[in-house]
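Below is structure-v7.cif, holding mmCIF, C-alpha atoms.
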data_coords
loop_
_atom_site.label_atom_id
_atom_site.label_comp_id
_atom_site.auth_asym_id
_atom_site.auth_seq_id
_atom_site.Cartn_x
_atom_site.Cartn_y
_atom_site.Cartn_z
CA MET A 1 96.62 63.78 72.94
CA ASP A 2 94.50 66.69 71.82
CA ILE A 3 90.98 66.14 70.51
CA LYS A 4 92.07 66.12 66.88
CA GLU A 5 94.63 63.37 67.55
CA LEU A 6 92.06 61.39 69.56
CA LYS A 7 89.55 61.54 66.72
CA THR A 8 92.16 60.26 64.26
CA SER A 9 93.35 57.50 66.62
CA ILE A 10 89.83 56.25 67.38
CA SER A 11 88.94 56.33 63.69
CA ASP A 12 92.06 54.25 62.92
CA LEU A 13 91.15 51.85 65.73
CA LYS A 14 87.64 51.45 64.33
CA LYS A 15 89.07 50.49 60.92
CA ARG A 16 91.63 48.17 62.53
CA VAL A 17 88.92 46.18 64.32
CA SER A 18 86.80 46.09 61.17
CA ASP A 19 89.73 44.68 59.16
CA THR A 20 90.41 42.05 61.84
CA LEU A 21 86.76 40.96 61.89
CA SER A 22 86.74 40.54 58.11
CA VAL A 23 89.62 38.06 58.45
CA LEU A 24 88.15 36.21 61.46
CA ASP A 25 84.82 35.48 59.77
CA LEU A 26 82.68 35.44 62.92
CA GLU A 27 79.65 34.47 60.87
CA ASN A 28 81.20 31.05 60.36
CA ASP A 29 81.80 30.79 64.13
CA GLU A 30 78.17 31.72 64.83
CA ASN A 31 77.00 28.95 62.48
CA ARG A 32 79.24 26.47 64.28
CA ILE A 33 77.73 27.55 67.63
CA LYS A 34 74.25 26.81 66.28
CA GLU A 35 75.44 23.36 65.14
CA ILE A 36 76.85 22.59 68.58
CA GLU A 37 73.70 23.81 70.33
CA PHE A 38 71.72 21.38 68.17
CA LEU A 39 74.12 18.53 68.98
CA MET A 40 73.96 19.22 72.72
CA LYS A 41 70.17 18.79 72.66
CA GLU A 42 70.55 15.23 71.42
CA LYS A 43 70.31 12.62 74.20
CA SER A 44 73.16 10.61 72.66
CA PHE A 45 75.54 13.58 72.85
CA TRP A 46 76.68 12.72 76.38
CA ASN A 47 77.19 9.00 75.65
CA ASP A 48 80.78 9.80 74.64
CA PRO A 49 82.13 11.92 77.55
CA ASP A 50 85.50 12.68 75.92
CA ASN A 51 83.93 13.87 72.68
CA ALA A 52 81.30 15.86 74.60
CA LYS A 53 84.04 17.50 76.66
CA ASN A 54 85.95 18.58 73.54
CA ILE A 55 82.86 19.95 71.81
CA THR A 56 81.64 21.89 74.86
CA LYS A 57 85.12 23.36 75.20
CA GLU A 58 85.00 24.44 71.56
CA PHE A 59 81.55 25.94 72.19
CA SER A 60 82.83 27.99 75.15
CA GLU A 61 85.84 29.27 73.20
CA LEU A 62 83.71 30.32 70.22
CA LYS A 63 81.22 32.10 72.49
CA GLU A 64 84.03 33.86 74.36
CA SER A 65 85.58 35.05 71.08
CA ILE A 66 82.31 36.36 69.63
CA ASP A 67 81.36 38.09 72.89
CA PHE A 68 84.77 39.80 73.02
CA TRP A 69 84.61 41.16 69.48
CA GLU A 70 81.01 42.29 69.81
CA LYS A 71 81.87 44.13 73.03
CA MET A 72 85.01 45.62 71.47
CA GLN A 73 83.15 46.83 68.39
CA GLN A 74 80.35 48.35 70.48
CA GLU A 75 82.76 50.23 72.77
CA ILE A 76 84.74 51.64 69.86
CA ASN A 77 81.58 52.72 68.04
CA ASP A 78 80.31 54.44 71.19
CA LEU A 79 83.62 56.24 71.62
CA TYR A 80 83.65 57.22 67.96
CA GLU A 81 80.19 58.76 68.27
CA ILE A 82 81.33 60.83 71.26
CA VAL A 83 84.40 62.30 69.52
CA LYS A 84 82.33 63.16 66.48
CA GLU A 85 80.66 65.84 68.59
CA ASP A 86 82.13 69.33 68.86
CA ILE A 87 84.47 68.71 71.77
CA GLU A 88 87.14 71.28 72.47
CA ASP A 89 90.56 70.77 74.04
CA LYS A 90 89.55 72.99 76.91
CA ASP A 91 87.09 70.27 78.01
CA VAL A 92 89.99 68.70 79.88
CA SER A 93 87.98 66.28 82.03
CA LEU A 94 86.00 64.86 79.10
CA ARG A 95 89.10 64.65 76.91
CA ASP A 96 91.00 62.77 79.62
CA ASP A 97 88.11 60.32 80.11
CA ILE A 98 88.00 59.64 76.37
CA GLU A 99 91.75 59.10 76.19
CA LYS A 100 91.67 56.80 79.24
CA HIS A 101 88.90 54.70 77.67
CA TYR A 102 90.75 54.63 74.33
CA ASN A 103 93.95 53.36 76.00
CA LYS A 104 91.99 50.65 77.86
CA ILE A 105 90.42 49.41 74.61
CA LEU A 106 93.80 49.53 72.88
CA GLU A 107 95.42 47.40 75.61
CA GLU A 108 92.65 44.77 75.45
CA LEU A 109 92.87 44.68 71.67
CA TYR A 110 96.63 44.30 71.73
CA LYS A 111 96.42 41.29 74.08
CA LYS A 112 93.79 39.64 71.88
CA GLU A 113 95.68 40.30 68.65
CA PHE A 114 98.83 38.84 70.21
CA LEU A 115 97.01 35.57 70.97
CA LEU A 116 95.60 35.47 67.43
CA LYS A 117 99.17 34.91 66.22
CA PHE A 118 99.18 31.51 67.92
CA THR A 119 97.75 29.39 65.13
CA GLY A 120 99.76 26.21 65.76
CA LYS A 121 97.94 22.91 66.11
CA TYR A 122 98.62 22.66 69.84
CA ASP A 123 99.04 26.34 70.83
CA LYS A 124 95.85 26.41 72.91
CA LYS A 125 96.85 23.31 74.87
CA ASN A 126 98.26 23.07 78.38
CA ALA A 127 102.04 22.79 78.59
CA ILE A 128 104.38 20.21 80.10
CA LEU A 129 107.60 22.08 80.88
CA SER A 130 110.75 20.26 82.01
CA ILE A 131 114.02 21.76 83.23
CA HIS A 132 117.28 19.76 83.23
CA SER A 133 120.59 21.03 84.61
CA GLY A 134 123.56 20.46 82.32
CA ALA A 135 127.24 21.43 82.33
CA GLY A 136 128.20 23.54 85.32
CA GLY A 137 127.75 21.36 88.42
CA ASP A 138 126.20 23.16 91.38
CA ASP A 139 125.95 26.37 89.34
CA ALA A 140 123.86 24.61 86.70
CA GLN A 141 121.57 23.12 89.33
CA ASP A 142 121.17 26.53 90.94
CA PHE A 143 120.50 28.05 87.51
CA ALA A 144 117.81 25.40 86.93
CA GLU A 145 116.10 26.58 90.12
CA ILE A 146 116.42 30.22 89.00
CA LEU A 147 114.67 29.38 85.73
CA LEU A 148 112.02 27.43 87.65
CA ARG A 149 111.21 30.55 89.68
CA MET A 150 111.14 32.61 86.46
CA TYR A 151 108.59 30.33 84.82
CA ILE A 152 106.45 30.10 87.96
CA LYS A 153 106.35 33.92 88.19
CA PHE A 154 105.41 34.13 84.51
CA CYS A 155 102.60 31.60 85.07
CA ASN A 156 101.34 33.49 88.11
CA LYS A 157 101.08 36.66 86.00
CA LYS A 158 99.03 34.73 83.44
CA ASP A 159 96.88 33.02 86.10
CA PHE A 160 98.12 29.63 84.93
CA LYS A 161 98.00 26.72 87.36
CA VAL A 162 101.38 25.04 87.98
CA GLU A 163 101.69 21.47 89.27
CA VAL A 164 104.91 19.53 89.87
CA ILE A 165 104.92 16.21 88.01
CA ASN A 166 108.37 15.02 88.99
CA GLU A 167 111.37 16.57 90.76
CA ASN A 168 114.98 15.53 91.32
CA LYS A 169 116.74 17.93 93.69
CA GLY A 170 120.47 18.65 93.63
CA GLN A 171 122.64 17.28 96.43
CA GLU A 172 124.25 20.61 97.31
CA ALA A 173 121.98 23.20 95.70
CA GLY A 174 119.15 23.77 93.25
CA ILE A 175 117.55 21.01 91.18
CA LYS A 176 118.88 18.40 88.77
CA SER A 177 115.57 18.20 86.93
CA ILE A 178 111.90 19.03 87.33
CA SER A 179 108.76 18.61 85.22
CA LEU A 180 105.68 20.83 85.53
CA LEU A 181 102.14 20.63 84.22
CA ILE A 182 101.07 24.18 83.34
CA THR A 183 97.32 24.53 82.93
CA GLY A 184 95.85 27.52 81.13
CA LYS A 185 94.64 28.50 77.68
CA TYR A 186 97.55 29.15 75.28
CA SER A 187 100.10 28.06 77.90
CA PHE A 188 101.89 25.85 75.34
CA GLY A 189 101.77 28.55 72.66
CA LEU A 190 103.18 31.11 75.07
CA LEU A 191 105.98 28.85 76.31
CA LYS A 192 106.95 26.73 73.29
CA ASN A 193 109.75 29.10 72.24
CA GLU A 194 111.47 28.50 75.60
CA TYR A 195 112.48 25.06 74.30
CA GLY A 196 116.27 24.82 74.12
CA VAL A 197 119.49 25.35 76.06
CA HIS A 198 119.77 28.40 78.36
CA ARG A 199 123.20 29.71 79.43
CA LEU A 200 124.13 31.68 82.57
CA ILE A 201 127.35 33.70 83.05
CA ARG A 202 128.02 35.03 86.56
CA ILE A 203 130.36 35.12 89.55
CA SER A 204 129.74 31.72 91.12
CA PRO A 205 128.39 31.78 94.69
CA PHE A 206 129.84 28.27 95.05
CA ASP A 207 133.43 29.29 94.21
CA SER A 208 135.56 30.55 97.09
CA ASP A 209 137.82 32.34 94.57
CA HIS A 210 134.80 34.29 93.25
CA ALA A 211 135.61 33.28 89.68
CA ARG A 212 133.24 33.77 86.78
CA HIS A 213 131.44 30.56 85.76
CA THR A 214 129.27 29.51 82.83
CA SER A 215 126.47 26.99 83.31
CA PHE A 216 123.83 25.41 81.09
CA VAL A 217 120.24 24.23 81.49
CA LEU A 218 117.93 22.48 79.02
CA VAL A 219 114.27 23.51 78.93
CA GLU A 220 111.78 21.16 77.22
CA VAL A 221 108.21 22.25 76.42
CA LEU A 222 105.52 19.85 75.18
CA PRO A 223 101.75 20.22 74.77
CA GLU A 224 99.53 18.19 77.08
CA LEU A 225 97.58 16.05 74.65
CA ASP A 226 94.51 13.89 74.97
CA GLU A 227 94.63 10.32 73.69
CA ILE A 228 97.01 10.26 70.70
CA SER A 229 95.63 7.65 68.32
CA GLU A 230 98.55 7.81 65.89
CA ILE A 231 101.08 6.88 68.59
CA VAL A 232 100.92 3.22 69.60
CA ILE A 233 103.33 1.94 72.24
CA LYS A 234 103.77 -1.81 72.43
CA ASP A 235 104.34 -3.54 75.76
CA ASN A 236 107.76 -4.85 74.70
CA GLU A 237 108.88 -1.29 73.81
CA VAL A 238 108.81 0.01 77.37
CA ARG A 239 110.35 -0.74 80.74
CA ILE A 240 108.27 0.36 83.70
CA ASP A 241 109.93 0.95 87.09
CA VAL A 242 108.18 1.88 90.33
CA PHE A 243 109.82 3.60 93.29
CA LEU A 244 109.04 5.43 96.51
CA SER A 245 107.26 8.71 95.94
CA SER A 246 108.65 11.92 97.46
CA GLY A 247 105.62 13.93 96.35
CA LYS A 248 102.24 14.62 97.94
CA GLY A 249 100.31 11.90 99.68
CA GLY A 250 100.02 12.68 103.40
CA GLN A 251 101.34 10.06 105.80
CA SER A 252 101.98 7.58 102.98
CA VAL A 253 104.74 9.69 101.39
CA ASN A 254 107.96 7.65 101.04
CA THR A 255 106.16 4.52 102.25
CA THR A 256 104.37 3.45 99.05
CA TYR A 257 105.77 2.62 95.64
CA SER A 258 103.46 4.99 93.78
CA ALA A 259 106.05 6.83 91.66
CA VAL A 260 106.51 5.52 88.11
CA ARG A 261 109.33 5.73 85.57
CA ILE A 262 108.72 4.60 81.98
CA VAL A 263 111.64 4.06 79.61
CA HIS A 264 110.87 3.86 75.90
CA ILE A 265 113.49 1.35 74.74
CA PRO A 266 113.63 2.23 70.97
CA THR A 267 114.35 5.93 71.60
CA GLY A 268 115.83 5.90 75.11
CA ILE A 269 113.27 8.47 76.29
CA SER A 270 112.60 8.28 80.03
CA VAL A 271 109.58 9.82 81.77
CA SER A 272 108.90 9.91 85.50
CA CYS A 273 105.78 10.92 87.40
CA GLN A 274 105.11 11.00 91.14
CA ASN A 275 102.60 13.82 91.63
CA GLU A 276 99.56 11.56 92.01
CA ARG A 277 98.81 9.42 95.04
CA SER A 278 98.21 6.21 93.14
CA GLN A 279 100.64 4.24 91.01
CA THR A 280 97.93 3.78 88.34
CA GLN A 281 97.37 7.54 87.99
CA ASN A 282 101.12 8.21 87.79
CA LYS A 283 101.48 5.50 85.15
CA GLU A 284 98.67 6.98 83.04
CA PHE A 285 100.14 10.48 83.20
CA ALA A 286 103.65 9.24 82.45
CA PHE A 287 102.35 7.46 79.34
CA LYS A 288 100.59 10.69 78.29
CA ILE A 289 103.89 12.61 78.49
CA LEU A 290 105.76 9.82 76.70
CA LYS A 291 103.25 9.86 73.83
CA SER A 292 103.58 13.66 73.56
CA LYS A 293 107.36 13.29 73.28
CA LEU A 294 107.06 10.53 70.67
CA LEU A 295 104.60 12.62 68.67
CA LYS A 296 107.07 15.50 68.65
CA LEU A 297 109.80 13.18 67.39
CA LYS A 298 107.48 11.81 64.72
CA GLU A 299 106.51 15.28 63.50
CA GLU A 300 110.19 16.22 63.27
CA LYS A 301 110.94 12.93 61.45
CA LEU A 302 113.46 11.94 64.09
CA LEU A 303 112.03 8.62 65.27
CA ASP A 304 114.84 6.75 63.50
CA GLU A 305 117.46 8.43 65.70
CA LYS A 306 117.74 5.90 68.50
CA ASN A 307 119.91 8.01 70.77
CA LYS A 308 118.01 11.30 70.33
CA LEU A 309 117.53 11.89 74.05
CA LYS A 310 121.19 11.23 74.86
CA GLU A 311 122.19 13.60 72.06
CA ASP A 312 119.91 16.29 73.48
CA TYR A 313 121.56 16.01 76.87
CA SER A 314 125.06 16.06 75.39
CA LYS A 315 124.15 19.38 73.75
CA ILE A 316 123.49 21.13 77.07
CA GLU A 317 126.80 22.93 76.70
CA TRP A 318 128.70 25.69 74.93
CA GLY A 319 127.49 26.79 71.50
CA SER A 320 123.99 25.29 71.57
CA GLN A 321 122.16 27.90 73.68
CA ILE A 322 119.00 29.74 72.61
CA ARG A 323 119.34 32.42 75.31
CA THR A 324 122.19 33.79 77.41
CA TYR A 325 121.79 35.48 80.81
CA VAL A 326 124.81 37.56 81.83
CA MET A 327 125.16 38.78 85.43
CA HIS A 328 128.87 39.67 85.29
CA PRO A 329 130.81 41.73 84.17
CA TYR A 330 127.63 43.48 82.96
CA LYS A 331 123.91 42.70 82.98
CA GLN A 332 122.24 41.48 79.81
CA VAL A 333 119.85 38.88 78.43
CA ARG A 334 120.35 37.95 74.79
CA ASP A 335 117.82 35.84 72.91
CA HIS A 336 119.75 34.08 70.14
CA LYS A 337 116.60 33.10 68.21
CA THR A 338 115.52 36.69 67.63
CA GLY A 339 118.73 38.65 68.29
CA TYR A 340 116.88 40.71 70.90
CA GLU A 341 118.88 42.02 73.88
CA THR A 342 117.88 43.71 77.13
CA PRO A 343 119.98 44.87 80.12
CA ASP A 344 116.99 44.38 82.46
CA ILE A 345 117.84 40.84 83.56
CA ASP A 346 116.02 41.30 86.87
CA SER A 347 112.67 41.81 85.14
CA VAL A 348 113.28 38.80 82.90
CA LEU A 349 114.04 36.55 85.88
CA ASP A 350 110.91 37.94 87.54
CA GLY A 351 108.87 36.36 84.75
CA ASP A 352 108.84 39.08 82.09
CA ILE A 353 109.55 36.70 79.19
CA GLU A 354 106.65 37.71 76.97
CA GLN A 355 108.95 40.19 75.22
CA PHE A 356 110.80 37.23 73.66
CA GLN A 357 107.55 35.51 72.73
CA GLN A 358 106.25 38.62 70.99
CA LEU A 359 109.33 38.76 68.77
CA SER A 360 109.25 35.02 68.07
CA ASN A 361 105.61 35.19 66.97
CA LYS A 362 105.78 38.24 64.71
#

Any chance you could give the structure as structure tokens?
Amino acid sequence: MDIKELKTSISDLKKRVSDTLSVLDLENDENRIKEIEFLMKEKSFWNDPDNAKNITKEFSELKESIDFWEKMQQEINDLYEIVKEDIEDKDVSLRDDIEKHYNKILEELYKKEFLLKFTGKYDKKNAILSIHSGAGGDDAQDFAEILLRMYIKFCNKKDFKVEVINENKGQEAGIKSISLLITGKYSFGLLKNEYGVHRLIRISPFDSDHARHTSFVLVEVLPELDEISEIVIKDNEVRIDVFLSSGKGGQSVNTTYSAVRIVHIPTGISVSCQNERSQTQNKEFAFKILKSKLLKLKEEKLLDEKNKLKEDYSKIEWGSQIRTYVMHPYKQVRDHKTGYETPDIDSVLDGDIEQFQQLSNK
């Protein structure tokens, strides 16, 4: 850009940030920070650890937001003052420095504005992501593992922590099912649109005739929620099974019955957890996931559908997919929710799925 274009762009950026701040109402956030600071000085504040944890988390998020926008506004104002001076295009070094700084600010602002679109009740929560192989045999189980790698790579790019909750490996290849706890701010908001059936079309590596095969995988995404008061599970509504854990646990792996499976009898929902060393911890986490699933059903007004889970699994087949990955006879990924297509399937499988999220959250 020449200096004239830079001046116009920085001026537009200054107005853009000003308009955003008028909508955000940071003054209200600053007042809330003062309220929390007052509360934290009270001796009784720490008597309720869970409540204190939630409020201190809110405090940190408000402070982080205000600090970001104050820094952003200051940097843009400083840049604006520089370009107001009589700078000529022949001052190549100075012009390049200004443009570099402008692009850096623009990138930071874009990332922040993208997250501002996530206004859902649970968007800031951690995510519980489950992958289930469907129609397609070994190909589907292999596809489930391909998607697992895709999501792990995406999480690594976002600096999200990934922990395996439960895993059921395929006999010949891949995985039958796996559940992950993904920890990181906005991880649920960023992944919630992955919920649905994913379809893969390719030459099967498991077919000696090298025929083209189609396979299906179901991806479930739930928010990790704290205690859900509106969901009450009665003892006679669940069946709890314990079995040998194949997860972490040192020398005691496969020698202690620490893994837990909870079946919710009215809905047929089954949840397993074996990532913790103790049966009690696995039971608590499994109940947390079960309550998240029941809350989702309640919000969708589907609690009266007794066979909902079985119906979901029966839909892991042709015609119900949200995204199709084609490896043969051409390369393409098509997102059926947005209609977006890209031939760069390799980048997508390397974790570049934010392009679909951006379109879904316009």

Explicit residues for the PyMOL selection byres ((chain A and resi 25-27) around 12) (as a VMD selection string): chain A and resid 18 to 24 28 to 34 62 to 70

Explicit residues for the PyMOL selection byres ((chain A and resi 323) around 8) (as a tab-separated table (two decimals) with C-alpha atoms, in the frame of the given file):
chain	number	residue	atom	x	y	z
A	197	VAL	CA	119.49	25.35	76.06
A	198	HIS	CA	119.77	28.40	78.36
A	199	ARG	CA	123.20	29.71	79.43
A	321	GLN	CA	122.16	27.90	73.68
A	322	ILE	CA	119.00	29.74	72.61
A	324	THR	CA	122.19	33.79	77.41
A	325	TYR	CA	121.79	35.48	80.81
A	333	VAL	CA	119.85	38.88	78.43
A	334	ARG	CA	120.35	37.95	74.79
A	335	ASP	CA	117.82	35.84	72.91
A	336	HIS	CA	119.75	34.08	70.14
A	337	LYS	CA	116.60	33.10	68.21

What is the CA of Gln281 in chain A to CA of Thr56 in chain A distance in Å?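 Atom-to-atom, CA of Gln281 in chain A and CA of Thr56 in chain A are spaced 25.0 Å apart.
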
Output as a Markdown table one row per residue of range 90-123 of chain A within 12 Å of range 2-8 of chain A: the closest atom pair and its distance in Å to one decimal place, counting all atoms listed in the file, sorted by chain and residue number ascending.
| residue | atom | partner | partner_atom | distance |
| --- | --- | --- | --- | --- |
| A:Lys90 | CA | A:Ile3 | CA | 9.5 |
| A:Asp91 | CA | A:Ile3 | CA | 9.4 |
| A:Val92 | CA | A:Asp2 | CA | 9.5 |
| A:Ser93 | CA | A:Ile3 | CA | 11.9 |
| A:Leu94 | CA | A:Ile3 | CA | 10.0 |
| A:Arg95 | CA | A:Ile3 | CA | 6.8 |
| A:Asp96 | CA | A:Asp2 | CA | 9.4 |
| A:Asp97 | CA | A:Leu6 | CA | 11.3 |
| A:Ile98 | CA | A:Leu6 | CA | 8.1 |
| A:Glu99 | CA | A:Leu6 | CA | 7.0 |
| A:Lys100 | CA | A:Leu6 | CA | 10.7 |
| A:His101 | CA | A:Leu6 | CA | 11.0 |
| A:Tyr102 | CA | A:Leu6 | CA | 8.4 |
| A:Asn103 | CA | A:Leu6 | CA | 10.5 |

How about saving the chosen residues, C-alpha atoms kept, as a PDB file, in the frame of the given file?
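Saved to result.pdb:
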ATOM      1  CA  LYS A  90      89.550  72.990  76.910  1.00  0.00           C
ATOM      2  CA  ASP A  91      87.090  70.270  78.010  1.00  0.00           C
ATOM      3  CA  VAL A  92      89.990  68.700  79.880  1.00  0.00           C
ATOM      4  CA  SER A  93      87.980  66.280  82.030  1.00  0.00           C
ATOM      5  CA  LEU A  94      86.000  64.860  79.100  1.00  0.00           C
ATOM      6  CA  ARG A  95      89.100  64.650  76.910  1.00  0.00           C
ATOM      7  CA  ASP A  96      91.000  62.770  79.620  1.00  0.00           C
ATOM      8  CA  ASP A  97      88.110  60.320  80.110  1.00  0.00           C
ATOM      9  CA  ILE A  98      88.000  59.640  76.370  1.00  0.00           C
ATOM     10  CA  GLU A  99      91.750  59.100  76.190  1.00  0.00           C
ATOM     11  CA  LYS A 100      91.670  56.800  79.240  1.00  0.00           C
ATOM     12  CA  HIS A 101      88.900  54.700  77.670  1.00  0.00           C
ATOM     13  CA  TYR A 102      90.750  54.630  74.330  1.00  0.00           C
ATOM     14  CA  ASN A 103      93.950  53.360  76.000  1.00  0.00           C
TER      15      ASN A 103
END

When you draw a straight line from CA of Pro205 in chain A to CA of Ser133 in chain A, how long is it in Å?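 For CA of Pro205 in chain A relative to CA of Ser133 in chain A, the distance reads 16.7 Å.
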